[in-house]
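Novice: Okay, handing you the structure first.
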Amino acid sequence: MNSQTLKLIGRRFFAAAMSLIFVIVTVFAITNVLPGDATDAVLGQGATPQAVAVMRHDLGLDRSVFFRFWFWLWGVLHGDFGHSLLNGLSVADAIGPRLHNSLLLAGASAAVSVPVSLFLGITSAIWKDTVYDRVVSIMTLGMVSVPEFVIATMAVYVFAVRLHLLPALADVGSVHSLRQFLSVFFMPVASLALVTLAQMVRMTRAAMADTLSAPYIEMALLKGVGPIRLILVHAIPNAIGPIVNAVALSLSSLLGGVVVIEVVFTYPGISGLMVDAVSSRDVPTVQACALVFCVTYLFLTTFADVVTILSLPRGRKA
Amino acid sequence: MIAMIGKFRSRHDRVLLLIVFWLLLALLGPLCSSHDPGAIGSQPVFSAPSAAHLLGTDYLGRDTLGRLLNGIRHTVLLCFASTLVSCSVGTFLGIAAVTARPWVEALTGRLADGFLSIPSLLFALLVIAVFGTSTTALIVTMGVIYTPGAYRTSRALAQRIARLDFVTVARARGESTPYIILQEILPNMTGPMITDVGLRFIYAVLLLSNLSFLGIGVQPPEVDLGSMVRENMLGMAYGSPAMIVPVVVIGVLTVGINLALDSSSGRR
Amino acid sequence: MQAASVLHRRSVLKGAGLLVAGMTSQSVKAAPVSGGHLKVAGAVGSASETLDPARQSMATDYIRGHLFYDGLISLDDRLNPHFALAEALDSNDFLTWQIRLRRNVQFHDGTALTADDVVFSLRRHQDPGVGSQQYALARTMQSVRAVSPVLVEIVLDAPNSDFPAILGISNFAIVKAGTTDFKVPNGTGPFRCQEFTPGIRTVAVRNSEFWGERPYLESVELIAIPDEMARHNALMSGDVDLIATVNPRLVQMLKQGGFGIVESPVGTYTDLSIRLDQRYGRSPDFVEGIKFLLNREQIRHSVFLGFSRVGNDQPIPPESPYFNHQLPQRSYDPDKAQFLLKRSGFLGETIPLVCSPAALASVDIAVVLQYAASQIGQKMAVHRVPADGYWTQYWMKAPLGFGNINPRPAPSLTFELGFASTSPWNESRWRNSHFDSLLRDAKSTRDNSRKRQLYWDMQELVSSGSGVCIPNFTNSLDAYAPHVCGLRPSQAGQLMGYDFARSVWLNENRGKKV
């Protein structure tokens with residue numbers, strides 16, 4: 001690793017910090033530009049101008065946007081994420097258990113889908129254009145092309161309603177043993193793994209196939225390099241950039257983009273909280289969720305970027 | 001007919017043929033059905049196929065076939081257009097980020113990361129609030145949502161290629177940036193990039209139905225395939241074609257395009 | 001005048017047949033058993049769920065309200081008022097009301113119910129900062145004061161013979177005086193709160209000190225499953241025992257699976273309101289044309305699959321004792337509609353029609369209307385807009401838009417809130433001083449037959465003059481597992497007027513998890 005590479009990586013982290021600031025400001029701006037505010041969600045159809053005015057004052061919504069943003073930022077810098085505009089509960093308390101649930105689900109899904117998709121992607125690139133490759137392609141594409149609410153709902157219908165093998169609701173509170181964990185998490189994890197698999201398998205396959213057809217691989221082959229060594233030492237390092245990118249993008253969606261799975265299994269995660277908070281304009285909750293998603297996303301993509309930089313032909317030479 | 005298809009030996013022609021087929025179905029399909037996709041009569045809901053309704057009826061008792069053809073039209077046209085927009089813009093920016101001055105990379109990179117981590121729900125609601133609901137707003141929204149992803153893939157690919165000897169040689173020869181992009185980099189990254197295009201097309205089909213549900217997409221009585229699945233979801237309990245057939249059509253459309261793209265990208 | 005006569009003015013109910021029709025034979029058999037845990041799934045839930053009765057605005061909130069709190073008055077299956085925490089309710093002029101409280105009632109924290117609690121509970125609705133759903137009705141109470149520890153006097157700003165029904169609205173439930181924090185509910189209701197996590201779950205356990213008839217259930221767990229298919233699957237898999245808001249399309253499947261269905265004729269309706277003070281609605285021909293263009297039978301058949309009652313553009317449902325059945329039913333008449341729309345001058349124009357998933361079935365009703373319009377050459381552009389923010393951003397603002405109105409416990413309330421000239425919820429901005437004076441008369445009259453005549457006249461005025469089109473009244477559908485017993489249909493709302501927990505019992509012998 002040379003100093004230039006280190007500088008590049010350092011710049012990447014600085015860039016990530018800049019992105020974070022950009023996102024926080026943008027999300028705050030958008031939530032405030034959207035028509036309506038939290039008083040709509042609380043008062044609903046029964047709203048009267050007097051009640052709206054008083055409540056807006058109580059919630060501080062009549063202060064200027066800049067003041068509210070500073071107020072919020074100041075709190076966050078001191079570890080205080082504020083209180084929900086809807087129920088006055090602490091945002092940190094509301095997010096805490098849900099984030100835990102989401103990380104559990106995302107972690108379990110990643111643990112299943114990453115190894116499986118790397119294996120499928122690499123093998124189908126090696127045996128490109130064979131029956132095996134075709135079957136893997138059609139299966140993974142087919143899975144991702146079916147809307148996820150269809151996959152998840154059908155799974156519930158078959159395993160919970162018809163066969164009575166698994167619960168229809170993913171009740172995290174009921175998990176006290178490994179067996180219960182498996183029965184509660186099997187369907188949500190399987191559904192999530194199926195929909196995230198495709199992007200990783202496809203990109204791995206494409207990048208690997210591309211690399212495997214490159215001249216230097218043929219050269220290595222001619223030099224008599226064994227197949228396993230060829231894949232691990234010569235092919236993967238050269239294909240790793242797009243693969244890591246695909247993995248990072250897929251994994252980042254496991255935390256914030258699983259609203260459908262949370263809805264179908266009534267799983268109390270952070271995606272649902274975010275959607276709920278957006279539609280009720282609960283700004284502190286939206287901001288906190290966006291912060292969590294953004295940090296996760298930037299962590300994953302920065303990691304992918306660093307791996308890409310390290311894997312670059314010139315960058316690798318120390 | 002089969003003999004005719006056989007003539008399209010070239011792999012690129014096969015992709016083209018498939019795209020033309022879907023475009024023709026999108027444009028002419030709705031003319032083939034005598035049923036207005038919005039027509040509601042006194043038919044029962046979720047009925048089984050019959051002579052009058054070849055694919056049965058949907059959750060309101062409307063003709064499934066008529067709505068299916070209408071759904072194909074919107075899904076194919078809108079998703080082709082938005083995939084084209086997001087992938088060409090994304091690819092171009094990705095390569096530009098690598099070949100142009102460093103500040104271009106810094107700027108586009110931050111914007112892409114920023115957009116990717118803003119929840120697309122927020123973004124979609126913003127578009128509705130600012131621009132209302134229109135087809136242009138829809139294509140732009142879908143384009144903007146998927147451009148950063150295409151950008152990241154393209155940049156990751158270009159970064160590697162830009163450091164290879166032949167690009168360095170071209171640069172040393174004094175070739176212009178557009179020449180390097182078009183002649184040296186782009187042709188060497190088509191494989192993975194085309195896979196990315198195919199995936200984005202699949203996501204666009206599903207995103208369209210989500211946007212329609214929010215109210216930014218296709219408005220009633222018109223429909224897109226994903227929304228058709230969603231609105232007929234309860235038909236699952238009765239094995240209704242109104243729910244199953246659009247799922248199958250989405251599968252055939254997206255898997256077919258992806259497989260064709262696959263075979264076209266096998267270079268050499 | 002004795003309150004008893006106010007409280008027990010039972011009349012011949014037109015909807016009685018329907019009430020019985022929904023009943024299943026099984027609820028009649030076997031004696032109720034005490035004990036057991038019931039898991040219920042409602043259809044709405046979010047972080048804005050609350051335990052403050054004043055703020056309750058969604059179905060699951062109302063259920064929680066009935067679990068933990070009581071009102072002075074309760075409403076029965078036919079919306080007749082009965083005494084709850086009140087023991088007597090008297091008024092000579094319908095203007096000043098004396099309320100005597102039931103003795104020996106305890107809050108969950110062990111303190112006794114006093115007049116101060118009642119005064120506090122009613123007065124807080126008048127503070128806009130509380131965010132009460134009943135701010136407008138609460139403002140009609142000019143003074144609320146404690147005369148003695150068991151006696152409360154309320155003076156209204158105008159006579160209202162339906163005041164007992166107002167006190168039966170669950171938002172007016174009684175809380176402990178001085179309560180400002182509603183994280184833990186301190187009511188007098190039949191259940192205590194064990195757990196409440198907004199948007200996730202509520203667990204209630206039986207209150208052994210409850211003043212009334214003890215409920216059979218040991219505990220109740222309430223969750224929200226907004227996704228329709230997921231909610232039905234949870235019932236069929238045995239994960240929950242009882243669900244609300246069943247989609248009519250799944251009734252057949254649930255019945256085949258051995259599940260029970262409760263069909264309640266509630267007065268809920270989804271209406272199309274045409275703003276009479278904007279472009280299109282300024283033309284009476286246009287409004288009447290649209291009313292003739294609404295295919296009510298088709299909506300009943302295709303949208304609600306028969307689980308609704310046809311409406312006649314006035315808000316009093318057919319099962320109400322005050323329903324005007326002599327008012328001619330408006331029906332689908334495309335020729336008449338075409339003639340009227342042509343005369344209005346809007347036939348060639350494309351009319352915008354705003355609907356949203358926020359207003360139940362409004363997208364489907366819009367589609368039915370749009371198709372009917374296209375048949376007579378009237379173009380309509382359906383704008384389906386997001387559910388969030390609908391009630392403040394679009395409702396009552398679009399020239400043609402949909403609303404969704406919940407039943408009120410008395411016709412005077414329905415008319416007062418939705419159609420009086422001064423009401424902020426006058427959806428079509430219909431101003432009719434004759435109607436307003438009839439409403440005043442109806443609220444102060446002692447003579448029930450005169451009251452009925454007034455209500456009949458008002459229905460006629462609304463139906464012909466207002467810009468509100470009411471194509472159907474929806475029936476509420478609940479479904480339950482076979483071991484759940486004692487559920488009855490109710491005009492007061494889903495799940496026995498949100499109050500199932502007081503009457504339901506479990507029969508574990510009746511094959512749980514089929």
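Residues in the structure tokens are numbered from 1 in each chain, the chains being A, B, ... in the order shown, and ligands are numbered from 1 in the order shown.
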Could you list, as a PDB file with N, CA and C atoms, in the first residue's frame, every residue within 9 Å of Leu249 of chain A, counting only C-alpha atoms and ignoring same-chain residues fewer than 6 positions away?
Specialist:
ATOM      1  N   GLN A 199     -29.198  -9.340  -7.550  1.00  0.00           N
ATOM      2  CA  GLN A 199     -28.234  -8.304  -7.922  1.00  0.00           C
ATOM      3  C   GLN A 199     -26.810  -8.796  -7.701  1.00  0.00           C
ATOM      4  N   MET A 200     -26.577  -9.466  -6.575  1.00  0.00           N
ATOM      5  CA  MET A 200     -25.229  -9.932  -6.269  1.00  0.00           C
ATOM      6  C   MET A 200     -24.800 -11.056  -7.209  1.00  0.00           C
ATOM      7  N   TYR A 297     -25.325   3.078   4.873  1.00  0.00           N
ATOM      8  CA  TYR A 297     -25.052   3.090   3.445  1.00  0.00           C
ATOM      9  C   TYR A 297     -23.630   3.574   3.173  1.00  0.00           C
ATOM     10  N   LEU A 300     -21.015   1.050   4.103  1.00  0.00           N
ATOM     11  CA  LEU A 300     -20.886  -0.046   3.140  1.00  0.00           C
ATOM     12  C   LEU A 300     -20.243   0.410   1.836  1.00  0.00           C
ATOM     13  N   THR A 301     -20.692   1.563   1.321  1.00  0.00           N
ATOM     14  CA  THR A 301     -20.146   1.988   0.029  1.00  0.00           C
ATOM     15  C   THR A 301     -18.691   2.458   0.170  1.00  0.00           C
TER      16      THR A 301
ATOM     17  N   GLY B 149     -27.132   4.390  -8.933  1.00  0.00           N
ATOM     18  CA  GLY B 149     -26.695   2.994  -8.891  1.00  0.00           C
ATOM     19  C   GLY B 149     -25.897   2.645 -10.140  1.00  0.00           C
TER      20      GLY B 149
END
Novice: Please identify every residue of chain A that has at least one atom no more than 6 Å from any atom of chain C, counting only C-alpha atoms, and report them as a list in words.
Specialist: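 Interface list for chain A against chain C: Gly36, Gln45, Gly46, Ala51, Val54, Met55, Leu86, Asn87, Ala160, Val161, Ala168, Val264 and Ser279 of chain A.
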Novice: Would you list the contacts of segment 91-99 of chain B as a ChimeraX atom specification, taking every protein, DNA or RNA residue within 6 Å and counting only C-alpha atoms, but skipping same-chain residues closer than 4 positions in sequence?
Specialist: /B:87,104-105,151,154-155,158-159
Novice: For chain B, which residues have at least one atom within 10 Å of chain C, if we go by only C-alpha atoms? Write them as a PyMOL selection string, please.
Specialist: chain B and resi 36-46+59-62+125+128+132-133+211-222+233-238
Novice: Chain A residues within 6 Å of chain B, counting only C-alpha atoms: which ones, as a PyMOL selection string?
Specialist: chain A and resi 19+23+141-142+145+206-207+241-242+294+312
Novice: I need the chosen residues saved as a PDB file, in the first residue's frame, with all heavy atoms.
Specialist:
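Dumped everything to out.pdb:
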ATOM      1  N   SER A  19     -20.999  13.613   2.287  1.00  0.00           N
ATOM      2  CA  SER A  19     -22.285  13.050   1.847  1.00  0.00           C
ATOM      3  C   SER A  19     -23.279  13.022   2.998  1.00  0.00           C
ATOM      4  O   SER A  19     -24.463  13.308   2.829  1.00  0.00           O
ATOM      5  CB  SER A  19     -22.100  11.637   1.303  1.00  0.00           C
ATOM      6  OG  SER A  19     -21.284  11.665   0.166  1.00  0.00           O
ATOM      7  N   VAL A  23     -26.907  14.713   2.989  1.00  0.00           N
ATOM      8  CA  VAL A  23     -28.151  13.950   3.153  1.00  0.00           C
ATOM      9  C   VAL A  23     -28.993  14.500   4.289  1.00  0.00           C
ATOM     10  O   VAL A  23     -30.204  14.681   4.157  1.00  0.00           O
ATOM     11  CB  VAL A  23     -27.838  12.453   3.378  1.00  0.00           C
ATOM     12  CG1 VAL A  23     -29.076  11.703   3.826  1.00  0.00           C
ATOM     13  CG2 VAL A  23     -27.288  11.849   2.115  1.00  0.00           C
ATOM     14  N   LEU A 141     -33.169 -14.438 -11.632  1.00  0.00           N
ATOM     15  CA  LEU A 141     -33.914 -13.358 -12.280  1.00  0.00           C
ATOM     16  C   LEU A 141     -35.396 -13.489 -12.003  1.00  0.00           C
ATOM     17  O   LEU A 141     -36.089 -12.518 -11.731  1.00  0.00           O
ATOM     18  CB  LEU A 141     -33.657 -13.367 -13.789  1.00  0.00           C
ATOM     19  CG  LEU A 141     -32.293 -12.856 -14.237  1.00  0.00           C
ATOM     20  CD1 LEU A 141     -32.072 -13.167 -15.703  1.00  0.00           C
ATOM     21  CD2 LEU A 141     -32.189 -11.361 -13.988  1.00  0.00           C
ATOM     22  N   GLY A 142     -35.874 -14.728 -12.080  1.00  0.00           N
ATOM     23  CA  GLY A 142     -37.296 -14.973 -11.841  1.00  0.00           C
ATOM     24  C   GLY A 142     -37.687 -14.515 -10.449  1.00  0.00           C
ATOM     25  O   GLY A 142     -38.712 -13.865 -10.244  1.00  0.00           O
ATOM     26  N   SER A 145     -37.793 -10.757 -10.178  1.00  0.00           N
ATOM     27  CA  SER A 145     -38.795 -10.076 -11.002  1.00  0.00           C
ATOM     28  C   SER A 145     -40.196 -10.207 -10.417  1.00  0.00           C
ATOM     29  O   SER A 145     -41.067  -9.410 -10.735  1.00  0.00           O
ATOM     30  CB  SER A 145     -38.762 -10.617 -12.435  1.00  0.00           C
ATOM     31  OG  SER A 145     -39.239 -11.929 -12.457  1.00  0.00           O
ATOM     32  N   ALA A 206     -21.250 -11.456 -13.996  1.00  0.00           N
ATOM     33  CA  ALA A 206     -20.819 -10.620 -15.115  1.00  0.00           C
ATOM     34  C   ALA A 206     -19.360 -10.204 -14.960  1.00  0.00           C
ATOM     35  O   ALA A 206     -18.559 -10.313 -15.899  1.00  0.00           O
ATOM     36  CB  ALA A 206     -21.713  -9.382 -15.216  1.00  0.00           C
ATOM     37  N   ALA A 207     -19.009  -9.752 -13.754  1.00  0.00           N
ATOM     38  CA  ALA A 207     -17.647  -9.280 -13.537  1.00  0.00           C
ATOM     39  C   ALA A 207     -16.645 -10.422 -13.685  1.00  0.00           C
ATOM     40  O   ALA A 207     -15.574 -10.269 -14.288  1.00  0.00           O
ATOM     41  CB  ALA A 207     -17.532  -8.644 -12.156  1.00  0.00           C
ATOM     42  N   GLY A 241     -14.059  -5.194  -7.760  1.00  0.00           N
ATOM     43  CA  GLY A 241     -14.678  -3.864  -7.707  1.00  0.00           C
ATOM     44  C   GLY A 241     -16.181  -3.892  -7.900  1.00  0.00           C
ATOM     45  O   GLY A 241     -16.941  -3.575  -6.975  1.00  0.00           O
ATOM     46  N   PRO A 242     -16.646  -4.305  -9.068  1.00  0.00           N
ATOM     47  CA  PRO A 242     -18.101  -4.338  -9.288  1.00  0.00           C
ATOM     48  C   PRO A 242     -18.827  -5.282  -8.337  1.00  0.00           C
ATOM     49  O   PRO A 242     -19.956  -4.995  -7.922  1.00  0.00           O
ATOM     50  CB  PRO A 242     -18.254  -4.843 -10.729  1.00  0.00           C
ATOM     51  CG  PRO A 242     -16.908  -4.781 -11.336  1.00  0.00           C
ATOM     52  CD  PRO A 242     -15.879  -4.662 -10.260  1.00  0.00           C
ATOM     53  N   CYS A 294     -28.277   6.393   6.317  1.00  0.00           N
ATOM     54  CA  CYS A 294     -27.188   7.039   5.603  1.00  0.00           C
ATOM     55  C   CYS A 294     -25.836   6.561   6.125  1.00  0.00           C
ATOM     56  O   CYS A 294     -24.931   6.247   5.348  1.00  0.00           O
ATOM     57  CB  CYS A 294     -27.328   8.554   5.763  1.00  0.00           C
ATOM     58  SG  CYS A 294     -26.187   9.443   4.733  1.00  0.00           S
ATOM     59  N   LEU A 312      -7.229  -1.996  -7.566  1.00  0.00           N
ATOM     60  CA  LEU A 312      -6.855  -1.455  -8.872  1.00  0.00           C
ATOM     61  C   LEU A 312      -5.454  -1.914  -9.253  1.00  0.00           C
ATOM     62  O   LEU A 312      -4.574  -2.014  -8.402  1.00  0.00           O
ATOM     63  CB  LEU A 312      -6.904   0.075  -8.851  1.00  0.00           C
ATOM     64  CG  LEU A 312      -8.291   0.675  -8.718  1.00  0.00           C
ATOM     65  CD1 LEU A 312      -8.206   2.193  -8.660  1.00  0.00           C
ATOM     66  CD2 LEU A 312      -9.179   0.235  -9.858  1.00  0.00           C
TER      67      LEU A 312
END
Novice: Quick check for you: according to DSSP on this backbone, which residues of segment 2-83 of chain B are classed as alpha helix (DSSP H)? Reply as a PyMOL selection string.
Specialist: chain B and resi 2-7+11-32+64-83
Novice: Please run DSSP on the backbone and report, as a list in words, all residues within segment 261-450 of chain C that come out as strand (DSSP E or B).
Specialist: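 Of segment 261-450 of chain C, the ones in strand (DSSP E or B) are Ile261, Val262, Glu263, Ser264, Tyr269, Thr270, Asp271, Leu272, Ser273, Ile274, Ser308, Arg309, Val310, Ile351, Pro352, Leu353, Val354, Cys355, Met380, Ala381, Val382, His383, Arg384, Leu400, Gly401, Phe402, Gly403, Asn404 and Ile405 of chain C.
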Novice: Between B:Gly174, B:Gly29, B:Pro102, B:Gly90, which has the minimum distance to Thr147 of chain B (counting only C-alpha atoms)?
Specialist: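 Among the listed residues, B:Gly90 lies closest to Thr147 of chain B.
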Novice: Near Val306 of chain A, within 10 Å and counting only C-alpha atoms, which residues show up once chain neighbours fewer than 5 positions away are dropped, as a list of chain:residue names?
Specialist: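 After dropping sequence-adjacent residues, the list is A:Thr5, A:Leu6, A:Leu8, A:Ile9, A:Gly10, A:Arg12, A:Phe13, A:Gly241, A:Val244, A:Leu300, A:Thr301, A:Ser311.
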Novice: Select, from C:Ser412, C:Lys379, C:Gln98, C:Val105, the residue with the minimum atom-to-atom distance to Thr445 of chain C, counting only C-alpha atoms.
Specialist: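 Of the candidates, the smallest distance to Thr445 of chain C is held by C:Ser412.
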Novice: Contacts of Asn70 of chain B at 9 Å or less, counting only C-alpha atoms, minus same-chain residues fewer than 3 places along, as a list in words?
Specialist: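 Neighbouring residues, sequence-local ones excluded: Ala26, Gly29, Pro30, Pro37, Leu65, Gly66, Arg67, Arg73, His74, Thr75, Glu222, Val223, Asp224 and Leu225 of chain B.
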Novice: Contacts of Leu291 of chain A at 9 Å or less, counting only C-alpha atoms, minus same-chain residues fewer than 5 places along, as a PyMOL selection string?
Specialist: chain A and resi 20+23-24+286+296
Novice: Which is closer to Ala29 of chain A than all the others in A:Leu163, A:Leu89, A:Cys289, A:Val283, using only C-alpha atoms?
Specialist: A:Val283
